[in-house]
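Chemist: Input: one structure, supplied below.
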Amino acid sequence: MKIYIVDDEIEIRKSLRNILEDENYIVEDFANKKSLLKSLAKERPALILLDVWMGKDDGLEILDECKKIYPMIPIVMISGHGTIEMAVNATKKGAVDFLEKPLSISKVLDTIGKVLSRDKNEEIPQIKLEYDQIIGESPAIKKVKFEIFQASNTNARVFIYGENGTGKELVAKSIVMNSKRKSNPYIEINCAAIPEELIESELFGYEKGAFTGAKDKRIGKFEAANTGTIFLDEICDMSLATQAKVLRILQEQRFERLGSSDAIQVDVRVIAATNISVEDAIKEGKFREDLYYRLNVIPIVIPPLRDRKSDIPILIDHYMKVAADENSVPVKKIDNDAIQLFTNHFWPGNIRELKNIIERLCIMTIGDTIKGKDAKEALIGFKKAEEIFQQGDLKKAKEEFERQYIIKTLQLNEGNVSKTSKILGVERTHLYRKIKSLNIQIDNLSD
Ligand SMILES: Nc1ncnc2c1ncn2[C@@H]1O[C@H](COP(=O)(O)OP(=O)(O)OP(=O)(O)O)[C@@H](O)[C@H]1O
Ligand SMILES: [Mg+2]
């Protein structure tokens, strides 16, 4: 089991390392934030011991950053003389415990032992949801399912937080489908996808002649969702003016269509979601704090995939079956090297990314087994495509696509350039030039 020690004092790092190594823990130590974050991007330790007072790096800030990467990771703060108050603050921010300097061996081992065993058997009631599309057996997912169960039994508002592709829409739908409102309207709105000037008319509707172009009266989403549920996805993208109106609906269950002064009464349950930090959005003045408190009655945090690695093999298995089913072909096998690589991947795009890669591999892999090298190639290709996508460079994106396309066609034809050029409909010499300019390397290239 690996434990990280983060402290700017070398003496503390040394003594903690000695204590822990004597107990057969594997230890890594870090003197600053930068080296810590670099390492966290590669692996998830079982526990982090973090100094509250780190010289130029603020321990509480580091705590926040660790929690952003691994929301479920247990962090124990180390506090020196006069910093106990900070350590207490840290527990409010999600640290599980704190140790006071000078450190005593028994206290250190006792605290770590307790935290690790608590982490392992965290008691989450096992429940069976009637409607359940969520795959995973990690404690983190069990917790999410339990929260869905609790939320489903009420009409309380729910605020879902999770990175891209973690399953926010899936969780919202699960809440609705397990609730008494399941047969009533369910309306999903992606606030980021609607232009700001249209969002009010989308949500609240309008009367004929309310603005140029309003030829007929139109009912808004809140009215359409009456007696049911509305899902406001990417809510932090809503303008402040619209937020004020939504706040009023939450307070009074009433609103007016644009161009009308008649209040319309509705009974709508609201579920909201975001993939950015609401705290930051509030600090930057982009999101109303009062709206946040109104919405955040039941918060559900979906941890990123890298923070619940035990679910990865189960999800791979599931998506292999889905891919086979959709393409009417036998289910492929996957070897341990590939599973290992996928389990240790950082998955910035979470389950959506995993799903795409598995589906693509099921279609493109030659033979009946996905091997380590196939997984490696797919992950590199994906990362490259992501980077290019983020840069927004169309030329590079086209080139990368062309490169992947040629590689795959060559592989399908055992590296034979003549055959491949025929299939691609280009001259052989042209294909050779492409292979060179796109830096394509294939072991078994033949004429
Ligand atoms: N636990 C899970 N089990 C099975 N499938 C999942 C799970 N979580 C997510 N998925 C699938 O992953 C994909 C992405 O999920 P979803 O659209 O709900 O994510 P999201 O958090 O809304 O993403 P985004 O922020 O990009 O909108 C969907 O195809 C969904 O069915
Ligand atoms: Mg979504």
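FYI, nothing fancy with the structure tokens labels: chains A, B, ... in order, residues from 1 per chain, ligands from 1 as they appear.
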Name all residues at most 12 Å from Glu9 of chain A (count only C-alpha atoms; drop same-chain ones fewer than 6 positions away) and give them as a PDB file with all heavy atoms, in the first residue's frame.
Modeler:
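This went into part.pdb:
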```
ATOM      1  N   SER A  15      11.641  11.118   9.063  1.00  0.00           N
ATOM      2  CA  SER A  15      11.181  10.331  10.212  1.00  0.00           C
ATOM      3  C   SER A  15       9.877   9.612   9.891  1.00  0.00           C
ATOM      4  O   SER A  15       9.697   8.460  10.272  1.00  0.00           O
ATOM      5  CB  SER A  15      11.088  11.186  11.484  1.00  0.00           C
ATOM      6  OG  SER A  15      10.011  12.073  11.371  1.00  0.00           O
ATOM      7  N   LEU A  16       8.986  10.285   9.151  1.00  0.00           N
ATOM      8  CA  LEU A  16       7.742   9.594   8.774  1.00  0.00           C
ATOM      9  C   LEU A  16       8.042   8.395   7.874  1.00  0.00           C
ATOM     10  O   LEU A  16       7.464   7.325   8.014  1.00  0.00           O
ATOM     11  CB  LEU A  16       6.796  10.547   8.050  1.00  0.00           C
ATOM     12  CG  LEU A  16       5.891  11.399   8.941  1.00  0.00           C
ATOM     13  CD1 LEU A  16       5.136  12.423   8.110  1.00  0.00           C
ATOM     14  CD2 LEU A  16       4.895  10.522   9.705  1.00  0.00           C
ATOM     15  N   ASP A  29       8.010  10.563  -0.917  1.00  0.00           N
ATOM     16  CA  ASP A  29       7.839  11.850  -0.250  1.00  0.00           C
ATOM     17  C   ASP A  29       8.073  13.010  -1.197  1.00  0.00           C
ATOM     18  O   ASP A  29       8.765  12.893  -2.207  1.00  0.00           O
ATOM     19  CB  ASP A  29       8.694  11.936   1.015  1.00  0.00           C
ATOM     20  CG  ASP A  29      10.152  11.905   0.716  1.00  0.00           C
ATOM     21  OD1 ASP A  29      10.674  12.915   0.222  1.00  0.00           O
ATOM     22  OD2 ASP A  29      10.783  10.847   0.972  1.00  0.00           O
ATOM     23  N   PHE A  30       7.444  14.124  -0.885  1.00  0.00           N
ATOM     24  CA  PHE A  30       7.459  15.298  -1.756  1.00  0.00           C
ATOM     25  C   PHE A  30       7.689  16.547  -0.923  1.00  0.00           C
ATOM     26  O   PHE A  30       7.100  16.695   0.144  1.00  0.00           O
ATOM     27  CB  PHE A  30       6.117  15.426  -2.493  1.00  0.00           C
ATOM     28  CG  PHE A  30       5.773  14.195  -3.269  1.00  0.00           C
ATOM     29  CD1 PHE A  30       5.063  13.159  -2.668  1.00  0.00           C
ATOM     30  CD2 PHE A  30       6.187  14.053  -4.584  1.00  0.00           C
ATOM     31  CE1 PHE A  30       4.770  12.002  -3.374  1.00  0.00           C
ATOM     32  CE2 PHE A  30       5.888  12.898  -5.296  1.00  0.00           C
ATOM     33  CZ  PHE A  30       5.187  11.873  -4.695  1.00  0.00           C
ATOM     34  N   ALA A  31       8.539  17.440  -1.456  1.00  0.00           N
ATOM     35  CA  ALA A  31       8.851  18.648  -0.707  1.00  0.00           C
ATOM     36  C   ALA A  31       8.007  19.821  -1.175  1.00  0.00           C
ATOM     37  O   ALA A  31       7.969  20.860  -0.544  1.00  0.00           O
ATOM     38  CB  ALA A  31      10.330  18.972  -0.868  1.00  0.00           C
ATOM     39  N   ASN A  32       7.338  19.667  -2.299  1.00  0.00           N
ATOM     40  CA  ASN A  32       6.530  20.785  -2.783  1.00  0.00           C
ATOM     41  C   ASN A  32       5.348  20.304  -3.616  1.00  0.00           C
ATOM     42  O   ASN A  32       5.240  19.141  -3.969  1.00  0.00           O
ATOM     43  CB  ASN A  32       7.389  21.757  -3.610  1.00  0.00           C
ATOM     44  CG  ASN A  32       8.068  21.037  -4.750  1.00  0.00           C
ATOM     45  OD1 ASN A  32       7.441  20.277  -5.490  1.00  0.00           O
ATOM     46  ND2 ASN A  32       9.362  21.249  -4.881  1.00  0.00           N
ATOM     47  N   LEU A  50      -0.220  15.266   4.641  1.00  0.00           N
ATOM     48  CA  LEU A  50       0.057  16.583   4.062  1.00  0.00           C
ATOM     49  C   LEU A  50       0.257  17.637   5.145  1.00  0.00           C
ATOM     50  O   LEU A  50      -0.589  17.806   6.023  1.00  0.00           O
ATOM     51  CB  LEU A  50      -1.129  16.953   3.162  1.00  0.00           C
ATOM     52  CG  LEU A  50      -1.205  18.350   2.571  1.00  0.00           C
ATOM     53  CD1 LEU A  50      -0.014  18.631   1.670  1.00  0.00           C
ATOM     54  CD2 LEU A  50      -2.498  18.507   1.767  1.00  0.00           C
ATOM     55  N   ASP A  51       1.378  18.307   5.060  1.00  0.00           N
ATOM     56  CA  ASP A  51       1.674  19.363   6.024  1.00  0.00           C
ATOM     57  C   ASP A  51       0.768  20.578   5.781  1.00  0.00           C
ATOM     58  O   ASP A  51       0.544  20.967   4.642  1.00  0.00           O
ATOM     59  CB  ASP A  51       3.142  19.777   5.843  1.00  0.00           C
ATOM     60  CG  ASP A  51       3.598  20.711   6.945  1.00  0.00           C
ATOM     61  OD1 ASP A  51       2.896  20.796   7.970  1.00  0.00           O
ATOM     62  OD2 ASP A  51       4.647  21.354   6.767  1.00  0.00           O
ATOM     63  N   VAL A  52       0.245  21.137   6.854  1.00  0.00           N
ATOM     64  CA  VAL A  52      -0.628  22.302   6.717  1.00  0.00           C
ATOM     65  C   VAL A  52       0.177  23.525   6.264  1.00  0.00           C
ATOM     66  O   VAL A  52      -0.252  24.329   5.464  1.00  0.00           O
ATOM     67  CB  VAL A  52      -1.285  22.639   8.073  1.00  0.00           C
ATOM     68  CG1 VAL A  52      -2.054  23.939   7.985  1.00  0.00           C
ATOM     69  CG2 VAL A  52      -2.188  21.529   8.525  1.00  0.00           C
ATOM     70  N   TRP A  53       1.366  23.622   6.798  1.00  0.00           N
ATOM     71  CA  TRP A  53       2.186  24.805   6.577  1.00  0.00           C
ATOM     72  C   TRP A  53       3.389  24.427   5.730  1.00  0.00           C
ATOM     73  O   TRP A  53       4.330  23.835   6.213  1.00  0.00           O
ATOM     74  CB  TRP A  53       2.627  25.353   7.950  1.00  0.00           C
ATOM     75  CG  TRP A  53       3.281  26.678   7.843  1.00  0.00           C
ATOM     76  CD1 TRP A  53       4.614  26.938   8.006  1.00  0.00           C
ATOM     77  CD2 TRP A  53       2.652  27.924   7.557  1.00  0.00           C
ATOM     78  NE1 TRP A  53       4.849  28.264   7.819  1.00  0.00           N
ATOM     79  CE2 TRP A  53       3.665  28.900   7.543  1.00  0.00           C
ATOM     80  CE3 TRP A  53       1.332  28.311   7.290  1.00  0.00           C
ATOM     81  CZ2 TRP A  53       3.397  30.243   7.289  1.00  0.00           C
ATOM     82  CZ3 TRP A  53       1.080  29.645   7.036  1.00  0.00           C
ATOM     83  CH2 TRP A  53       2.096  30.589   7.043  1.00  0.00           C
ATOM     84  N   MET A  54       3.328  24.765   4.450  1.00  0.00           N
ATOM     85  CA  MET A  54       4.341  24.242   3.528  1.00  0.00           C
ATOM     86  C   MET A  54       5.269  25.315   2.997  1.00  0.00           C
ATOM     87  O   MET A  54       5.716  25.240   1.870  1.00  0.00           O
ATOM     88  CB  MET A  54       3.634  23.608   2.327  1.00  0.00           C
ATOM     89  CG  MET A  54       2.983  22.284   2.610  1.00  0.00           C
ATOM     90  SD  MET A  54       4.147  20.952   2.409  1.00  0.00           S
ATOM     91  CE  MET A  54       4.574  21.106   0.689  1.00  0.00           C
ATOM     92  N   GLY A  55       5.551  26.364   3.782  1.00  0.00           N
ATOM     93  CA  GLY A  55       6.386  27.426   3.232  1.00  0.00           C
ATOM     94  C   GLY A  55       5.626  28.153   2.149  1.00  0.00           C
ATOM     95  O   GLY A  55       4.520  28.621   2.392  1.00  0.00           O
ATOM     96  N   ILE A  78      -0.856  17.259   8.631  1.00  0.00           N
ATOM     97  CA  ILE A  78       0.126  17.295   9.709  1.00  0.00           C
ATOM     98  C   ILE A  78       0.206  18.746  10.154  1.00  0.00           C
ATOM     99  O   ILE A  78       0.451  19.632   9.340  1.00  0.00           O
ATOM    100  CB  ILE A  78       1.522  16.870   9.209  1.00  0.00           C
ATOM    101  CG1 ILE A  78       1.439  15.543   8.452  1.00  0.00           C
ATOM    102  CG2 ILE A  78       2.500  16.788  10.354  1.00  0.00           C
ATOM    103  CD1 ILE A  78       2.699  15.224   7.678  1.00  0.00           C
ATOM    104  N   GLY A  80       1.693  21.769  12.757  1.00  0.00           N
ATOM    105  CA  GLY A  80       2.760  22.117  13.679  1.00  0.00           C
ATOM    106  C   GLY A  80       2.201  22.962  14.798  1.00  0.00           C
ATOM    107  O   GLY A  80       0.990  23.178  14.890  1.00  0.00           O
ATOM    108  N   LYS A 101       2.386  17.829  15.358  1.00  0.00           N
ATOM    109  CA  LYS A 101       3.818  17.717  15.617  1.00  0.00           C
ATOM    110  C   LYS A 101       4.060  18.078  17.079  1.00  0.00           C
ATOM    111  O   LYS A 101       3.353  18.941  17.593  1.00  0.00           O
ATOM    112  CB  LYS A 101       4.592  18.688  14.730  1.00  0.00           C
ATOM    113  CG  LYS A 101       4.674  18.258  13.277  1.00  0.00           C
ATOM    114  CD  LYS A 101       5.520  19.269  12.517  1.00  0.00           C
ATOM    115  CE  LYS A 101       5.203  19.231  11.041  1.00  0.00           C
ATOM    116  NZ  LYS A 101       5.737  20.343  10.269  1.00  0.00           N
TER     117      LYS A 101
END
```
Chemist: Once DSSP has gone over the backbone, tell me which residues of segment 262-443 of chain A are in helix (DSSP H, G or I), as JSON, numbers by chain.
Modeler: {"A": [278, 279, 280, 281, 282, 283, 289, 290, 291, 292, 293, 294, 295, 305, 306, 307, 311, 312, 313, 314, 315, 316, 317, 318, 319, 320, 321, 322, 323, 324, 325, 326, 336, 337, 338, 339, 340, 341, 342, 343, 350, 351, 352, 353, 354, 355, 356, 357, 358, 359, 360, 361, 362, 363, 364, 372, 373, 374, 375, 376, 377, 378, 379, 380, 381, 382, 383, 384, 385, 386, 387, 388, 389, 390, 391, 394, 395, 396, 397, 398, 399, 400, 401, 402, 403, 404, 405, 406, 407, 408, 409, 410, 411, 412, 417, 418, 419, 420, 421, 422, 423, 424, 428, 429, 430, 431, 432, 433, 434, 435, 436, 437]}
Chemist: Any chance you could export the current selection's C-alpha atoms as a compact mmCIF listing (two decimals), in the first residue's frame?
Modeler:
```
# COMPACT_ATOMS: atom_id res chain seq x y z
CA VAL A 278 -19.32 26.02 -8.44
CA GLU A 279 -17.17 27.53 -5.72
CA ASP A 280 -14.94 29.08 -8.37
CA ALA A 281 -17.93 30.24 -10.44
CA ILE A 282 -19.37 31.95 -7.34
CA LYS A 283 -16.03 33.56 -6.51
CA GLU A 289 -24.60 32.01 -4.33
CA ASP A 290 -28.27 32.14 -3.25
CA LEU A 291 -29.26 30.05 -6.26
CA TYR A 292 -26.56 27.55 -5.44
CA TYR A 293 -27.85 27.10 -1.88
CA ARG A 294 -31.38 26.67 -3.15
CA LEU A 295 -30.31 24.02 -5.63
CA LEU A 305 -13.02 7.15 -13.04
CA ARG A 306 -9.37 7.35 -11.94
CA ASP A 307 -10.62 7.60 -8.35
CA ASP A 311 -14.79 -0.23 -11.71
CA ILE A 312 -12.59 -0.07 -14.81
CA PRO A 313 -12.40 -3.82 -15.58
CA ILE A 314 -16.17 -4.14 -15.05
CA LEU A 315 -16.87 -1.27 -17.41
CA ILE A 316 -14.47 -2.68 -20.01
CA ASP A 317 -16.28 -5.98 -19.84
CA HIS A 318 -19.63 -4.25 -20.25
CA TYR A 319 -18.62 -2.14 -23.22
CA MET A 320 -16.96 -5.11 -24.95
CA LYS A 321 -20.31 -6.87 -24.80
CA VAL A 322 -22.15 -3.79 -26.03
CA ALA A 323 -19.75 -3.38 -28.96
CA ALA A 324 -20.10 -7.04 -29.94
CA ASP A 325 -23.84 -6.85 -29.66
CA GLU A 326 -24.16 -3.70 -31.74
CA ASN A 336 -4.12 -8.65 -18.67
CA ASP A 337 -1.58 -6.19 -20.04
CA ALA A 338 -4.36 -4.25 -21.75
CA ILE A 339 -6.53 -4.27 -18.63
CA GLN A 340 -3.56 -3.13 -16.57
CA LEU A 341 -2.87 -0.23 -18.95
CA PHE A 342 -6.49 0.86 -18.92
CA THR A 343 -6.71 0.59 -15.15
CA ASN A 350 -13.94 9.42 -17.86
CA ILE A 351 -16.50 6.80 -18.86
CA ARG A 352 -17.28 8.37 -22.20
CA GLU A 353 -13.60 8.16 -23.13
CA LEU A 354 -13.37 4.55 -21.94
CA LYS A 355 -16.50 3.60 -23.83
CA ASN A 356 -15.21 5.16 -27.07
CA ILE A 357 -11.83 3.50 -26.82
CA ILE A 358 -13.26 0.07 -26.09
CA GLU A 359 -15.77 0.32 -28.91
CA ARG A 360 -13.11 1.45 -31.32
CA LEU A 361 -10.75 -1.33 -30.27
CA CYS A 362 -13.48 -3.94 -30.63
CA ILE A 363 -14.03 -2.85 -34.21
CA MET A 364 -10.45 -2.23 -35.27
CA GLY A 372 -1.41 -4.61 -24.38
CA LYS A 373 0.07 -3.12 -27.53
CA ASP A 374 -3.38 -2.45 -29.02
CA ALA A 375 -4.41 -0.70 -25.81
CA LYS A 376 -1.23 1.35 -25.79
CA GLU A 377 -1.70 2.48 -29.37
CA ALA A 378 -5.33 3.39 -28.76
CA LEU A 379 -4.44 5.45 -25.69
CA ILE A 380 -1.69 7.31 -27.52
CA GLY A 381 -3.97 7.97 -30.48
CA PHE A 382 -6.69 9.22 -28.20
CA LYS A 383 -4.39 11.50 -26.26
CA LYS A 384 -3.04 12.98 -29.44
CA ALA A 385 -6.52 13.53 -30.85
CA GLU A 386 -7.56 15.19 -27.57
CA GLU A 387 -4.57 17.51 -27.58
CA ILE A 388 -5.17 18.49 -31.19
CA PHE A 389 -8.85 18.98 -30.48
CA GLN A 390 -8.01 21.31 -27.61
CA GLN A 391 -5.67 23.31 -29.81
CA LEU A 394 -8.10 21.72 -38.17
CA LYS A 395 -5.06 21.00 -40.32
CA LYS A 396 -3.40 19.00 -37.57
CA ALA A 397 -6.65 17.19 -36.81
CA LYS A 398 -7.02 16.19 -40.47
CA GLU A 399 -3.44 15.02 -40.57
CA GLU A 400 -3.88 12.92 -37.45
CA PHE A 401 -7.02 11.36 -38.87
CA GLU A 402 -5.25 10.60 -42.13
CA ARG A 403 -2.34 9.12 -40.24
CA GLN A 404 -4.54 6.82 -38.16
CA TYR A 405 -6.54 5.83 -41.21
CA ILE A 406 -3.46 4.87 -43.19
CA ILE A 407 -1.97 2.97 -40.23
CA LYS A 408 -5.14 0.95 -39.79
CA THR A 409 -5.48 0.16 -43.48
CA LEU A 410 -1.85 -0.89 -43.63
CA GLN A 411 -2.31 -3.11 -40.60
CA LEU A 412 -5.37 -4.71 -42.10
CA VAL A 417 1.86 -0.95 -49.59
CA SER A 418 0.56 -2.00 -53.04
CA LYS A 419 -2.62 -3.48 -51.63
CA THR A 420 -3.16 -0.59 -49.27
CA SER A 421 -2.67 2.02 -51.99
CA LYS A 422 -5.30 0.26 -54.12
CA ILE A 423 -7.79 0.24 -51.28
CA LEU A 424 -7.11 3.88 -50.46
CA ARG A 428 1.86 3.69 -54.47
CA THR A 429 4.52 6.40 -54.61
CA HIS A 430 2.03 8.84 -53.12
CA LEU A 431 1.35 6.44 -50.25
CA TYR A 432 5.10 6.05 -49.64
CA ARG A 433 5.43 9.81 -49.47
CA LYS A 434 2.56 9.97 -46.97
CA ILE A 435 4.10 7.23 -44.84
CA LYS A 436 7.25 9.31 -44.64
CA SER A 437 5.69 12.73 -44.14
```
Chemist: May I have the residues within 7 Å of ligand 1, computed using only C-alpha atoms and all ligand atoms, as a ChimeraX atom specification?
Modeler: /A:133-136,162-171,275,315,351-352,355
Chemist: Need the shell around Ala244 of chain A: protein/DNA/RNA residues with any atom at most 10 Å away, counting only C-alpha atoms. Skip same-chain ones fewer than 4 positions apart. Format as a ChimeraX atom specification?
Modeler: /A:238-240,248-250,288,290-291
Chemist: Could you write those residues out with all heavy atoms, as a short mmCIF file (atom, residue, chain, number, x, y, z; two decimals), in the first residue's frame?
Modeler:
```cif
data_model
loop_
_atom_site.label_atom_id
_atom_site.label_comp_id
_atom_site.auth_asym_id
_atom_site.auth_seq_id
_atom_site.Cartn_x
_atom_site.Cartn_y
_atom_site.Cartn_z
N MET A 238 -25.43 29.43 -17.32
CA MET A 238 -26.62 30.27 -17.43
C MET A 238 -26.26 31.73 -17.10
O MET A 238 -25.46 31.97 -16.20
CB MET A 238 -27.60 29.75 -16.38
CG MET A 238 -29.02 29.94 -16.70
SD MET A 238 -29.94 29.25 -15.32
CE MET A 238 -30.69 27.86 -16.06
N SER A 239 -26.85 32.69 -17.81
CA SER A 239 -26.52 34.09 -17.53
C SER A 239 -27.10 34.49 -16.17
O SER A 239 -28.02 33.84 -15.66
CB SER A 239 -27.12 34.99 -18.60
OG SER A 239 -28.53 35.03 -18.42
N LEU A 240 -26.56 35.56 -15.59
CA LEU A 240 -27.02 35.98 -14.26
C LEU A 240 -28.49 36.38 -14.28
O LEU A 240 -29.22 36.12 -13.32
CB LEU A 240 -26.15 37.14 -13.75
CG LEU A 240 -24.74 36.71 -13.32
CD1 LEU A 240 -23.84 37.92 -13.14
CD2 LEU A 240 -24.76 35.86 -12.06
N ARG A 248 -36.35 32.65 -8.72
CA ARG A 248 -37.72 33.00 -8.35
C ARG A 248 -38.65 31.79 -8.51
O ARG A 248 -39.51 31.55 -7.66
CB ARG A 248 -38.21 34.17 -9.22
CG ARG A 248 -39.58 34.56 -8.81
CD ARG A 248 -40.02 35.90 -9.29
NE ARG A 248 -41.47 35.91 -9.18
CZ ARG A 248 -42.29 36.11 -10.19
NH1 ARG A 248 -41.82 36.37 -11.39
NH2 ARG A 248 -43.59 36.10 -9.98
N ILE A 249 -38.44 31.03 -9.55
CA ILE A 249 -39.26 29.82 -9.70
C ILE A 249 -39.05 28.90 -8.50
O ILE A 249 -39.99 28.33 -7.97
CB ILE A 249 -38.91 29.05 -10.99
CG1 ILE A 249 -39.15 29.92 -12.20
CG2 ILE A 249 -39.70 27.75 -11.08
CD1 ILE A 249 -39.09 29.19 -13.51
N LEU A 250 -37.79 28.79 -8.08
CA LEU A 250 -37.51 27.88 -6.96
C LEU A 250 -38.18 28.39 -5.68
O LEU A 250 -38.63 27.61 -4.85
CB LEU A 250 -36.01 27.73 -6.74
CG LEU A 250 -35.22 27.18 -7.93
CD1 LEU A 250 -33.77 26.97 -7.54
CD2 LEU A 250 -35.81 25.86 -8.43
N ARG A 288 -24.77 32.78 -8.95
CA ARG A 288 -25.36 33.35 -7.74
C ARG A 288 -25.29 32.36 -6.59
O ARG A 288 -25.74 31.23 -6.71
CB ARG A 288 -26.84 33.67 -7.98
CG ARG A 288 -27.09 34.78 -8.96
CD ARG A 288 -28.58 34.95 -9.07
NE ARG A 288 -29.14 35.43 -7.81
CZ ARG A 288 -29.84 36.55 -7.70
NH1 ARG A 288 -30.06 37.29 -8.76
NH2 ARG A 288 -30.32 36.90 -6.53
N ASP A 290 -26.95 32.49 -3.80
CA ASP A 290 -28.27 32.14 -3.25
C ASP A 290 -28.93 31.04 -4.10
O ASP A 290 -29.57 30.14 -3.57
CB ASP A 290 -29.18 33.36 -3.12
CG ASP A 290 -29.19 34.25 -4.35
OD1 ASP A 290 -28.53 33.87 -5.35
OD2 ASP A 290 -29.83 35.31 -4.33
N LEU A 291 -28.70 31.10 -5.40
CA LEU A 291 -29.26 30.05 -6.26
C LEU A 291 -28.60 28.71 -5.95
O LEU A 291 -29.25 27.67 -5.86
CB LEU A 291 -29.07 30.41 -7.74
CG LEU A 291 -29.57 29.38 -8.75
CD1 LEU A 291 -31.05 29.10 -8.57
CD2 LEU A 291 -29.30 29.84 -10.18
#
```
Chemist: Could you work out how far atom CA of Val270 of chain A lies from atom CA of Thr154 of chain A, giving the answer in Å with one decimal?
Modeler: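 These two atoms are separated by 11.7 Å.
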Chemist: List the neighbours of Ser183 of chain A out to 10 Å using only C-alpha atoms; skip same-chain residues closer than 5 positions along the sequence, and give me the result as a PDB file with C-alpha atoms, in the first residue's frame.
Modeler:
```
ATOM      1  CA  VAL A 176     -36.261  10.550 -12.079  1.00  0.00           C
ATOM      2  CA  MET A 177     -36.904   6.950 -13.123  1.00  0.00           C
ATOM      3  CA  THR A 227     -45.833  17.881 -12.481  1.00  0.00           C
ATOM      4  CA  GLY A 228     -42.531  16.345 -13.555  1.00  0.00           C
TER       5      GLY A 228
END
```
Chemist: For a quick check of understanding, using only C-alpha atoms and all ligand atoms, which of A:Thr242, A:Asn190, A:Gln441, A:Ser79 has the smallest distance to ligand 2?
Modeler: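 Among the listed residues, the smallest separation from ligand 2 belongs to A:Asn190.
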Chemist: Name the residues in contact with segment 107-112 of chain A at a cut-off of 12 Å, using only C-alpha atoms, excluding same-chain residues fewer than 5 positions from it; report them as JSON, numbers by chain.
Modeler: {"A": [1, 2, 3, 4, 15, 16, 17, 18, 19, 20, 21, 22, 23, 24, 25, 46, 47, 48, 49, 74, 75, 76, 77, 78, 96, 97, 98, 99, 100, 101, 102, 117, 118, 119]}
Chemist: As a VMD selection string, which residues of segment 169-327 of chain A does DSSP assign to strand (DSSP E)?
Modeler: chain A and resid 186 to 190 205 to 206 218 to 219 229 to 233 254 to 256 263 to 265 269 to 274 298 to 301
Chemist: Considering only C-alpha atoms, return as a tab-separated table (two decimals) with N, CA and C atoms, in the first residue's frame whatever protein or nucleic-acid residues lie within 12 Å of Tyr206 of chain A, sequence-local ones (same chain, fewer than 6 positions apart) excluded.
Modeler:
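This went into selection.tsv:
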```tsv
chain	number	residue	atom	x	y	z
A	198	LEU	N	-31.34	33.15	-26.15
A	198	LEU	CA	-32.51	32.31	-26.37
A	198	LEU	C	-32.95	31.55	-25.11
A	199	ILE	N	-32.05	31.55	-24.12
A	199	ILE	CA	-32.32	30.64	-23.01
A	199	ILE	C	-33.59	31.02	-22.23
A	200	GLU	N	-33.82	32.32	-22.07
A	200	GLU	CA	-35.02	32.72	-21.32
A	200	GLU	C	-36.28	32.27	-22.03
A	212	THR	N	-39.65	40.63	-31.76
A	212	THR	CA	-39.72	40.45	-33.21
A	212	THR	C	-39.47	38.98	-33.52
A	213	GLY	N	-40.33	38.43	-34.29
A	213	GLY	CA	-40.14	37.01	-34.63
A	213	GLY	C	-41.00	36.09	-33.79
A	214	ALA	N	-41.61	36.60	-32.72
A	214	ALA	CA	-42.49	35.73	-31.91
A	214	ALA	C	-43.88	35.71	-32.54
A	215	LYS	N	-44.00	34.85	-33.56
A	215	LYS	CA	-45.25	34.86	-34.34
A	215	LYS	C	-46.40	34.23	-33.58
A	216	ASP	N	-46.05	33.22	-32.78
A	216	ASP	CA	-47.09	32.54	-32.01
A	216	ASP	C	-46.64	32.40	-30.57
A	217	LYS	N	-47.59	32.14	-29.74
A	217	LYS	CA	-47.27	31.88	-28.34
A	217	LYS	C	-46.47	30.57	-28.25
A	218	ARG	N	-45.51	30.53	-27.34
A	218	ARG	CA	-44.81	29.26	-27.16
A	218	ARG	C	-44.63	28.93	-25.69
A	219	ILE	N	-44.85	27.68	-25.39
A	219	ILE	CA	-44.71	27.23	-24.01
A	219	ILE	C	-43.25	26.93	-23.71
A	220	GLY	N	-42.79	27.35	-22.55
A	220	GLY	CA	-41.39	27.11	-22.19
A	220	GLY	C	-41.20	25.76	-21.50
A	221	LYS	N	-39.94	25.45	-21.25
A	221	LYS	CA	-39.61	24.13	-20.68
A	221	LYS	C	-40.19	23.96	-19.27
A	222	PHE	N	-40.20	25.04	-18.49
A	222	PHE	CA	-40.73	24.91	-17.13
A	222	PHE	C	-42.21	24.56	-17.15
A	223	GLU	N	-42.91	25.14	-18.10
A	223	GLU	CA	-44.34	24.85	-18.20
A	223	GLU	C	-44.54	23.41	-18.70
A	255	PHE	N	-43.71	31.87	-12.48
A	255	PHE	CA	-42.94	32.68	-13.44
A	255	PHE	C	-43.92	33.25	-14.46
A	256	GLU	N	-43.41	34.14	-15.33
A	256	GLU	CA	-44.25	34.66	-16.40
A	256	GLU	C	-43.62	34.33	-17.74
A	257	ARG	N	-44.46	34.11	-18.73
A	257	ARG	CA	-43.91	33.98	-20.09
A	257	ARG	C	-43.39	35.34	-20.52
A	258	LEU	N	-42.41	35.38	-21.42
A	258	LEU	CA	-41.92	36.67	-21.92
A	258	LEU	C	-43.10	37.37	-22.61
A	259	GLY	N	-43.23	38.64	-22.33
A	259	GLY	CA	-44.31	39.40	-22.96
A	259	GLY	C	-45.64	39.26	-22.25
A	260	SER	N	-45.64	38.71	-21.05
A	260	SER	CA	-46.89	38.57	-20.32
A	260	SER	C	-46.65	38.92	-18.85
A	261	SER	N	-47.72	39.39	-18.19
A	261	SER	CA	-47.52	39.68	-16.76
A	261	SER	C	-48.32	38.69	-15.90
A	262	ASP	N	-48.93	37.71	-16.57
A	262	ASP	CA	-49.66	36.71	-15.79
A	262	ASP	C	-48.71	35.65	-15.24
A	264	ILE	N	-47.55	32.17	-13.91
A	264	ILE	CA	-47.97	30.78	-14.13
A	264	ILE	C	-47.41	29.94	-12.98
```
